[in-house]
Each structure stands twice: as structure tokens, then as C-alpha cells.
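Participant: Starting off with a structure, shown below.
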Amino acid sequence: MYANTPEATGMEQEITDRHKRKLRRRHEERAAAPLTPSTRPPLPPLTYIPLGEHPLRRFPQLLIGLALYGFSLSAMVRASLGVNPWSVLYEGLERHTSLSFGTISALLGVLVLLLWIPLKQRPTLGTVANIIVVAYSSDLGLLLIPQHLDFSARVGLLVGCVFLNGLSVAVYVGARFGPGPRDGLMTGASAATGRSIRLIRTLIEITVLGVGWLLGGSVGVGTVLYALTVGPITQFFLPWFAYRRSTEHAVEAAGPSEEANPTAPCGGLP
């Protein structure tokens with residue numbers, strides 16, 4: 001048959017070889033093409049930086065982020081559709097004491113700081129500012145946001161304040177003034193026990209949520225929404241607000257080749 005002739009076999013082989021050369025050429029062109037630069041900046045190390053480095057750039061960012069964070073907590077309370085685990089605890093304690101929401105937040109912040117002592121954690125400016133600014137801004141938010149809103153307004157308020165909460169965390173963490181009391185408890189306990197931060201954080205949040213719920217704090221759809229979305233929102237905005245030292249700018253500008261060099265300045269997440 002014609003299909004088995006040497007001519008036919010040769011033609012088939014030539015077509016196969018041509019196809020292979022075409023695929024190889026496309027692969028080489030893709031490999032040689034320059035990478036499209038990302039519009040989202042890379043995340044630098046988030047280690048503590050002293051106040052003396054660019055204070056006029058970083059300190060206002062810290063205060064604004066903490067004020068927005070406290071305000072977002074109070075907005076979640078006014079939405080009355082569930083709050084984050086620590087706010088559940090604050091609400092529960094508020095029901096059994098004459099103290100305000102913000103005052104309870106500050107007092108628990110100080111109490112958590114005492115737990116830092118056996119964990120060999122040291123407070124920073126960001127730690128102290130976290131306690132004071134969040135307490136006052138959350139009380140202010142409760143004064144400004146009216147109670148007994150209709151359902152549609154509460155849903156809109158819930159979505160908006162969860163978004164604002166994630167954004168505000170990125171703003172104040174990005175200032176790199178050190179962790180707040182609760183975050184320091186998490187990292188200190190992780191270092192002391194050798195357990196993962198994810199496990200420690202989960203255990204802390206579950207414990208706080210359980211105690212707050214038993215005391216009468218509100219748990220609802222907002223609690224679930226917060227737990228599922230605030231992390232991704234913070235992660236998205238953090239590269240935009242994270243302060244970068246000049247050496248970290250140099251590493252980012254150098255690209256992957258210099259980052260792979262062991263002598264190049266680098267750092268990891270805390």
C-alpha cells in the first residue's frame with residue numbers, strides 16, 4: 001500500500017520533526033520573553049524598626065491604622081450581626097460590668113501584656129499605642145454610630161467595617177512598630193511551645209470566643225465573615241502600606257538574581 005512506502009514514511013517523519021521544531025521554538029520564545037512586571041509591590045520583612053527611622057512617615061500611619069481599627073470594631077458592634085472573637089469577649093464583659101467597650105479593651109490589653117513576661121516578650125511603642133488608641137477610637141465609634149439601624153443598613157455596615165478592619169491592620173502593621181498585645185501573645189506562645197503560629201492563634205481565638213459567648217457576647221454571621229475574609233484583605237493591602245528601608249528597596253529593584261545571592265540583604269516575615 002502507498003501508506004507503507006518509504007516516501008510516505010519520510011513525509012510523516014518530516015511533518016513530525018517540523019512540529020517538534022515549532023514547539024521547541026515557541027518554548028524558547030516564551031522563556032526568552034521578559035516577565036510582565038507585577039503592579040502589586042512585594043512584601044518586605046515586617047520586623048520591628050525603631051521610632052527614629054522616618055518617624056514623620058511611620059508614626060502617623062501607626063496612629064491612623066489603629067484609630068481605623070478601633071472604629072471598625074465599634075462599627076461591627078453596631079451592626080449587631082456578630083463581631084470578631086475578642087470583641088465577643090469585650091461585649092460579654094461589658095454586660096457584666098459598668099466599664100465601657102474601649103475601657104475593657106484597654107484593660108485586657110494590659111492583662112495580656114502581663115502574660116508576655118514568662119514568654120520573654122518585650123513591648124514596643126506599637127504595643128502601647130495599640131492599647132491606648134484602639135480603646136479611645138472604639139469608644140468614639142460607639143458614640144458616633146447610631147444604634148437600632150434597619151437590617152439593610154446593618155448588613156452594609158458589617159461588610160464595610162470588615163473591609164475597613166482588614167485595611168486598618170495592613171496600615172498599622174505596615175508601619176513596623178511592633179506587635180499589639182494579642183499578636184505578641186500569639187508569637188511568644190508559639191516560640192515558647194514550638195507549636196505553629198496557626199495552631200496557637202486558632203486556640204487563642206477559640207478560647208476567647210467561647211468565654212465571650214458564655215458571657216453573652218454576640219456571635220453571628222459577622223463573626224464567620226470576619227474570620228474568613230479579614231486575613232485575605234489584610235494580606236492584599238499589606239504590601240502597599242508596608243514601610244521599606246533603603247536596603248529593602250535595593251533588594252526589590254535587583255530582582256530574583258540578587259535575592260538568591262546569600263550576601264544580599266534579606267529578611268523573612270516575623
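For the C-alpha cells, the naming scheme is as follows: chains receive sequential letters (A, B, ...) according to their order of presentation, residues are indexed from 1 within each chain, and ligands are indexed from 1 in presentation order.
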Just asking: which residues within region 108-173 of chain A are alpha helix (DSSP H) according to DSSP, as a PyMOL selection string?

Facilitator: chain A and resi 108-119+125-144+151-173

Participant: May I have the residues within 8 Å of region 116-118 of chain A as a list in words, using only C-alpha atoms and disregarding those fewer than 5 positions away in the same chain?

Facilitator: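 In the requested form, the answer reads Gly184, Leu185 and Gly188 of chain A.
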
Participant: So what do you get for CA of Tyr172 (chain A) versus CA of Ala129 (chain A), distance-wise?

Facilitator: 10.3 Å

Participant: Give me the residues near Leu214 (chain A) as a list of chain:residue names, where near means some atom within 12 Å (using only C-alpha atoms) and where sequence neighbours in that chain fewer than 2 positions away do not count.

Facilitator: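 The residues satisfying every condition are A:Val88, A:Leu89, A:Tyr90, A:Glu91, A:Gly92, A:Leu93, A:Arg95, A:His96, A:Thr207, A:Val208, A:Leu209, A:Gly210, A:Val211, A:Gly212, A:Gly216, A:Gly217, A:Ser218, A:Val219.
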
Participant: Those residues with C-alpha atoms, as a compact mmCIF listing (two decimals), in the first residue's frame please?

Facilitator:
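See part.txt below for the written result:
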```txt
# COMPACT_ATOMS: atom_id res chain seq x y z
CA VAL A 88 -17.28 38.99 71.62
CA LEU A 89 -15.32 38.84 74.85
CA TYR A 90 -15.43 42.64 75.29
CA GLU A 91 -19.20 42.63 74.74
CA GLY A 92 -19.67 39.79 77.21
CA LEU A 93 -17.66 41.56 79.89
CA ARG A 95 -22.74 43.11 80.01
CA HIS A 96 -21.45 42.16 83.46
CA THR A 207 -10.85 30.20 73.79
CA VAL A 208 -11.63 33.91 73.65
CA LEU A 209 -14.72 33.30 71.53
CA GLY A 210 -16.01 30.60 73.88
CA VAL A 211 -15.58 32.72 77.01
CA GLY A 212 -17.14 35.76 75.36
CA GLY A 216 -23.34 36.93 76.49
CA GLY A 217 -21.28 38.41 73.65
CA SER A 218 -22.90 38.43 70.21
CA VAL A 219 -21.84 35.65 67.83
```

Participant: Taking only residues of region 70-99 of chain A that have an atom at most 9 Å from an atom of region 142-150 of chain A, what is each one's shortest atom pair and its distance in Å to one decimal, using only C-alpha atoms, in chain and number order, as a Markdown table?

Facilitator:
```
| residue | atom | partner | partner_atom | distance |
| --- | --- | --- | --- | --- |
| A:Phe71 | CA | A:Leu142 | CA | 8.0 |
| A:Ser74 | CA | A:Leu142 | CA | 5.4 |
| A:Ala75 | CA | A:Ile145 | CA | 7.0 |
| A:Val77 | CA | A:Leu142 | CA | 8.0 |
| A:Arg78 | CA | A:Gln147 | CA | 6.0 |
| A:Ala79 | CA | A:Leu149 | CA | 7.6 |
| A:Ser80 | CA | A:His148 | CA | 8.7 |
```

Participant: Export, as a compact mmCIF listing (two decimals), in the first residue's frame, the selected residues with C-alpha atoms.

Facilitator:
```txt
# COMPACT_ATOMS: atom_id res chain seq x y z
CA PHE A 71 -13.53 52.38 64.80
CA SER A 74 -17.27 49.54 67.15
CA ALA A 75 -18.96 49.50 63.73
CA VAL A 77 -20.84 46.06 67.33
CA ARG A 78 -23.43 48.48 65.95
CA ALA A 79 -24.13 46.15 63.01
CA SER A 80 -25.37 43.61 65.59
```

Participant: Could you please determine the separation between CA of Ser105 (chain A) and CA of Arg154 (chain A) in Å, to one decimal place?

Facilitator: 23.0 Å

Participant: Work out how far CA of Tyr69 (chain A) is from CA of Ser168 (chain A), in Å to one decimal.

Facilitator: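 CA of Tyr69 (chain A) lies at a distance of 5.3 Å from CA of Ser168 (chain A).
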
Participant: Excluding region 46-62 of chain A and any residue of its chain fewer than 4 positions from it, enumerate the residues within 12 Å of it, using only C-alpha atoms, and give them as a PDB file with N, CA and C atoms, in the first residue's frame.

Facilitator:
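Below is the file that was written, part.pdb:
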```
ATOM      1  N   PRO A  42       6.113  43.806  46.155  1.00  0.00           N
ATOM      2  CA  PRO A  42       6.383  42.657  47.022  1.00  0.00           C
ATOM      3  C   PRO A  42       6.324  43.049  48.492  1.00  0.00           C
ATOM      4  N   LEU A  66      -4.404  52.347  63.714  1.00  0.00           N
ATOM      5  CA  LEU A  66      -5.006  51.909  64.980  1.00  0.00           C
ATOM      6  C   LEU A  66      -6.360  52.571  65.207  1.00  0.00           C
ATOM      7  N   ALA A  67      -6.483  53.866  64.848  1.00  0.00           N
ATOM      8  CA  ALA A  67      -7.765  54.552  65.019  1.00  0.00           C
ATOM      9  C   ALA A  67      -8.838  53.921  64.131  1.00  0.00           C
ATOM     10  N   LEU A  68      -8.485  53.605  62.890  1.00  0.00           N
ATOM     11  CA  LEU A  68      -9.442  52.954  61.997  1.00  0.00           C
ATOM     12  C   LEU A  68      -9.797  51.556  62.489  1.00  0.00           C
ATOM     13  N   TYR A  69      -8.821  50.870  63.061  1.00  0.00           N
ATOM     14  CA  TYR A  69      -9.070  49.532  63.587  1.00  0.00           C
ATOM     15  C   TYR A  69     -10.085  49.592  64.726  1.00  0.00           C
ATOM     16  N   ARG A 122       8.926  41.573  74.806  1.00  0.00           N
ATOM     17  CA  ARG A 122       9.109  42.953  75.232  1.00  0.00           C
ATOM     18  C   ARG A 122       8.163  43.871  74.466  1.00  0.00           C
ATOM     19  N   PRO A 123       7.411  44.713  75.186  1.00  0.00           N
ATOM     20  CA  PRO A 123       6.517  45.641  74.487  1.00  0.00           C
ATOM     21  C   PRO A 123       7.303  46.719  73.743  1.00  0.00           C
ATOM     22  N   THR A 124       6.716  47.234  72.684  1.00  0.00           N
ATOM     23  CA  THR A 124       7.310  48.302  71.896  1.00  0.00           C
ATOM     24  C   THR A 124       6.342  49.489  71.869  1.00  0.00           C
ATOM     25  N   LEU A 125       6.739  50.532  71.158  1.00  0.00           N
ATOM     26  CA  LEU A 125       5.859  51.686  71.022  1.00  0.00           C
ATOM     27  C   LEU A 125       4.533  51.278  70.391  1.00  0.00           C
ATOM     28  N   GLY A 126       4.589  50.409  69.396  1.00  0.00           N
ATOM     29  CA  GLY A 126       3.363  49.957  68.755  1.00  0.00           C
ATOM     30  C   GLY A 126       2.452  49.205  69.704  1.00  0.00           C
ATOM     31  N   THR A 127       3.043  48.486  70.655  1.00  0.00           N
ATOM     32  CA  THR A 127       2.247  47.734  71.635  1.00  0.00           C
ATOM     33  C   THR A 127       1.444  48.672  72.521  1.00  0.00           C
ATOM     34  N   VAL A 128       2.120  49.693  73.046  1.00  0.00           N
ATOM     35  CA  VAL A 128       1.460  50.660  73.942  1.00  0.00           C
ATOM     36  C   VAL A 128       0.423  51.476  73.172  1.00  0.00           C
ATOM     37  N   ALA A 129       0.801  51.933  71.981  1.00  0.00           N
ATOM     38  CA  ALA A 129      -0.138  52.714  71.172  1.00  0.00           C
ATOM     39  C   ALA A 129      -1.370  51.896  70.825  1.00  0.00           C
ATOM     40  N   ASN A 130      -1.193  50.608  70.595  1.00  0.00           N
ATOM     41  CA  ASN A 130      -2.312  49.727  70.281  1.00  0.00           C
ATOM     42  C   ASN A 130      -3.343  49.759  71.402  1.00  0.00           C
ATOM     43  N   VAL A 133      -4.858  53.781  71.695  1.00  0.00           N
ATOM     44  CA  VAL A 133      -5.592  54.337  70.554  1.00  0.00           C
ATOM     45  C   VAL A 133      -6.822  53.498  70.232  1.00  0.00           C
ATOM     46  N   VAL A 134      -6.697  52.169  70.254  1.00  0.00           N
ATOM     47  CA  VAL A 134      -7.845  51.312  69.949  1.00  0.00           C
ATOM     48  C   VAL A 134      -8.953  51.512  70.974  1.00  0.00           C
ATOM     49  N   SER A 168      -7.182  48.442  57.909  1.00  0.00           N
ATOM     50  CA  SER A 168      -6.508  49.127  59.018  1.00  0.00           C
ATOM     51  C   SER A 168      -5.391  48.282  59.620  1.00  0.00           C
ATOM     52  N   VAL A 169      -5.571  46.967  59.663  1.00  0.00           N
ATOM     53  CA  VAL A 169      -4.496  46.095  60.143  1.00  0.00           C
ATOM     54  C   VAL A 169      -3.276  46.230  59.242  1.00  0.00           C
ATOM     55  N   ALA A 170      -3.506  46.252  57.923  1.00  0.00           N
ATOM     56  CA  ALA A 170      -2.392  46.419  56.989  1.00  0.00           C
ATOM     57  C   ALA A 170      -1.697  47.761  57.199  1.00  0.00           C
ATOM     58  N   VAL A 171      -2.467  48.802  57.529  1.00  0.00           N
ATOM     59  CA  VAL A 171      -1.888  50.137  57.714  1.00  0.00           C
ATOM     60  C   VAL A 171      -1.010  50.175  58.952  1.00  0.00           C
ATOM     61  N   TYR A 172      -1.525  49.718  60.114  1.00  0.00           N
ATOM     62  CA  TYR A 172      -0.707  49.861  61.319  1.00  0.00           C
ATOM     63  C   TYR A 172       0.391  48.813  61.415  1.00  0.00           C
ATOM     64  N   VAL A 173       0.165  47.618  60.914  1.00  0.00           N
ATOM     65  CA  VAL A 173       1.244  46.624  60.890  1.00  0.00           C
ATOM     66  C   VAL A 173       2.344  47.062  59.928  1.00  0.00           C
ATOM     67  N   GLY A 174       1.942  47.679  58.813  1.00  0.00           N
ATOM     68  CA  GLY A 174       2.913  48.134  57.831  1.00  0.00           C
ATOM     69  C   GLY A 174       3.835  49.217  58.340  1.00  0.00           C
ATOM     70  N   ALA A 175       3.442  49.931  59.404  1.00  0.00           N
ATOM     71  CA  ALA A 175       4.319  50.947  59.992  1.00  0.00           C
ATOM     72  C   ALA A 175       5.512  50.331  60.718  1.00  0.00           C
ATOM     73  N   ARG A 176       5.423  49.064  61.063  1.00  0.00           N
ATOM     74  CA  ARG A 176       6.534  48.269  61.623  1.00  0.00           C
ATOM     75  C   ARG A 176       7.028  48.812  62.965  1.00  0.00           C
ATOM     76  N   PHE A 177       6.056  49.051  63.868  1.00  0.00           N
ATOM     77  CA  PHE A 177       6.390  49.476  65.228  1.00  0.00           C
ATOM     78  C   PHE A 177       6.236  48.345  66.249  1.00  0.00           C
ATOM     79  N   GLY A 178       6.109  47.122  65.798  1.00  0.00           N
ATOM     80  CA  GLY A 178       5.992  46.004  66.716  1.00  0.00           C
ATOM     81  C   GLY A 178       4.561  45.543  66.883  1.00  0.00           C
ATOM     82  N   PRO A 179       4.351  44.348  67.438  1.00  0.00           N
ATOM     83  CA  PRO A 179       3.013  43.769  67.550  1.00  0.00           C
ATOM     84  C   PRO A 179       2.190  44.366  68.671  1.00  0.00           C
ATOM     85  N   GLY A 180       0.871  44.249  68.535  1.00  0.00           N
ATOM     86  CA  GLY A 180      -0.015  44.599  69.623  1.00  0.00           C
ATOM     87  C   GLY A 180       0.000  43.514  70.688  1.00  0.00           C
ATOM     88  N   LEU A 238      -1.379  44.779  52.596  1.00  0.00           N
ATOM     89  CA  LEU A 238      -0.138  44.949  53.351  1.00  0.00           C
ATOM     90  C   LEU A 238       1.053  45.377  52.483  1.00  0.00           C
ATOM     91  N   PRO A 239       1.273  44.790  51.305  1.00  0.00           N
ATOM     92  CA  PRO A 239       2.419  45.245  50.505  1.00  0.00           C
ATOM     93  C   PRO A 239       2.361  46.719  50.120  1.00  0.00           C
ATOM     94  N   PHE A 241       1.202  49.195  52.035  1.00  0.00           N
ATOM     95  CA  PHE A 241       1.400  50.077  53.181  1.00  0.00           C
ATOM     96  C   PHE A 241       2.657  49.755  53.994  1.00  0.00           C
ATOM     97  N   ALA A 242       3.311  48.646  53.699  1.00  0.00           N
ATOM     98  CA  ALA A 242       4.487  48.260  54.478  1.00  0.00           C
ATOM     99  C   ALA A 242       5.647  49.219  54.211  1.00  0.00           C
ATOM    100  N   TYR A 243       6.213  49.736  55.282  1.00  0.00           N
ATOM    101  CA  TYR A 243       7.376  50.622  55.167  1.00  0.00           C
ATOM    102  C   TYR A 243       8.586  49.820  54.720  1.00  0.00           C
ATOM    103  N   ARG A 244       9.363  50.395  53.800  1.00  0.00           N
ATOM    104  CA  ARG A 244      10.546  49.729  53.262  1.00  0.00           C
ATOM    105  C   ARG A 244      11.791  50.554  53.552  1.00  0.00           C
ATOM    106  N   ARG A 245      12.798  49.909  54.082  1.00  0.00           N
ATOM    107  CA  ARG A 245      14.094  50.550  54.238  1.00  0.00           C
ATOM    108  C   ARG A 245      14.780  50.643  52.875  1.00  0.00           C
ATOM    109  N   SER A 246      15.827  51.492  52.814  1.00  0.00           N
ATOM    110  CA  SER A 246      16.522  51.680  51.542  1.00  0.00           C
ATOM    111  C   SER A 246      17.169  50.384  51.067  1.00  0.00           C
ATOM    112  N   GLU A 248      16.018  47.402  51.585  1.00  0.00           N
ATOM    113  CA  GLU A 248      14.955  46.534  51.090  1.00  0.00           C
ATOM    114  C   GLU A 248      14.486  46.989  49.713  1.00  0.00           C
ATOM    115  N   CYS A 266      18.529  40.573  53.126  1.00  0.00           N
ATOM    116  CA  CYS A 266      17.198  39.985  53.010  1.00  0.00           C
ATOM    117  C   CYS A 266      16.626  39.776  54.393  1.00  0.00           C
ATOM    118  N   GLY A 267      15.409  39.354  54.435  1.00  0.00           N
ATOM    119  CA  GLY A 267      14.769  39.091  55.712  1.00  0.00           C
ATOM    120  C   GLY A 267      13.461  38.393  55.503  1.00  0.00           C
ATOM    121  N   GLY A 268      12.974  37.712  56.527  1.00  0.00           N
ATOM    122  CA  GLY A 268      11.717  36.992  56.408  1.00  0.00           C
ATOM    123  C   GLY A 268      10.647  37.617  57.248  1.00  0.00           C
ATOM    124  N   LEU A 269       9.468  37.069  57.163  1.00  0.00           N
ATOM    125  CA  LEU A 269       8.375  37.528  57.989  1.00  0.00           C
ATOM    126  C   LEU A 269       8.623  37.173  59.425  1.00  0.00           C
ATOM    127  N   PRO A 270       8.149  38.014  60.340  1.00  0.00           N
ATOM    128  CA  PRO A 270       8.381  37.716  61.758  1.00  0.00           C
ATOM    129  C   PRO A 270       7.642  36.486  62.205  1.00  0.00           C
TER     130      PRO A 270
END
```
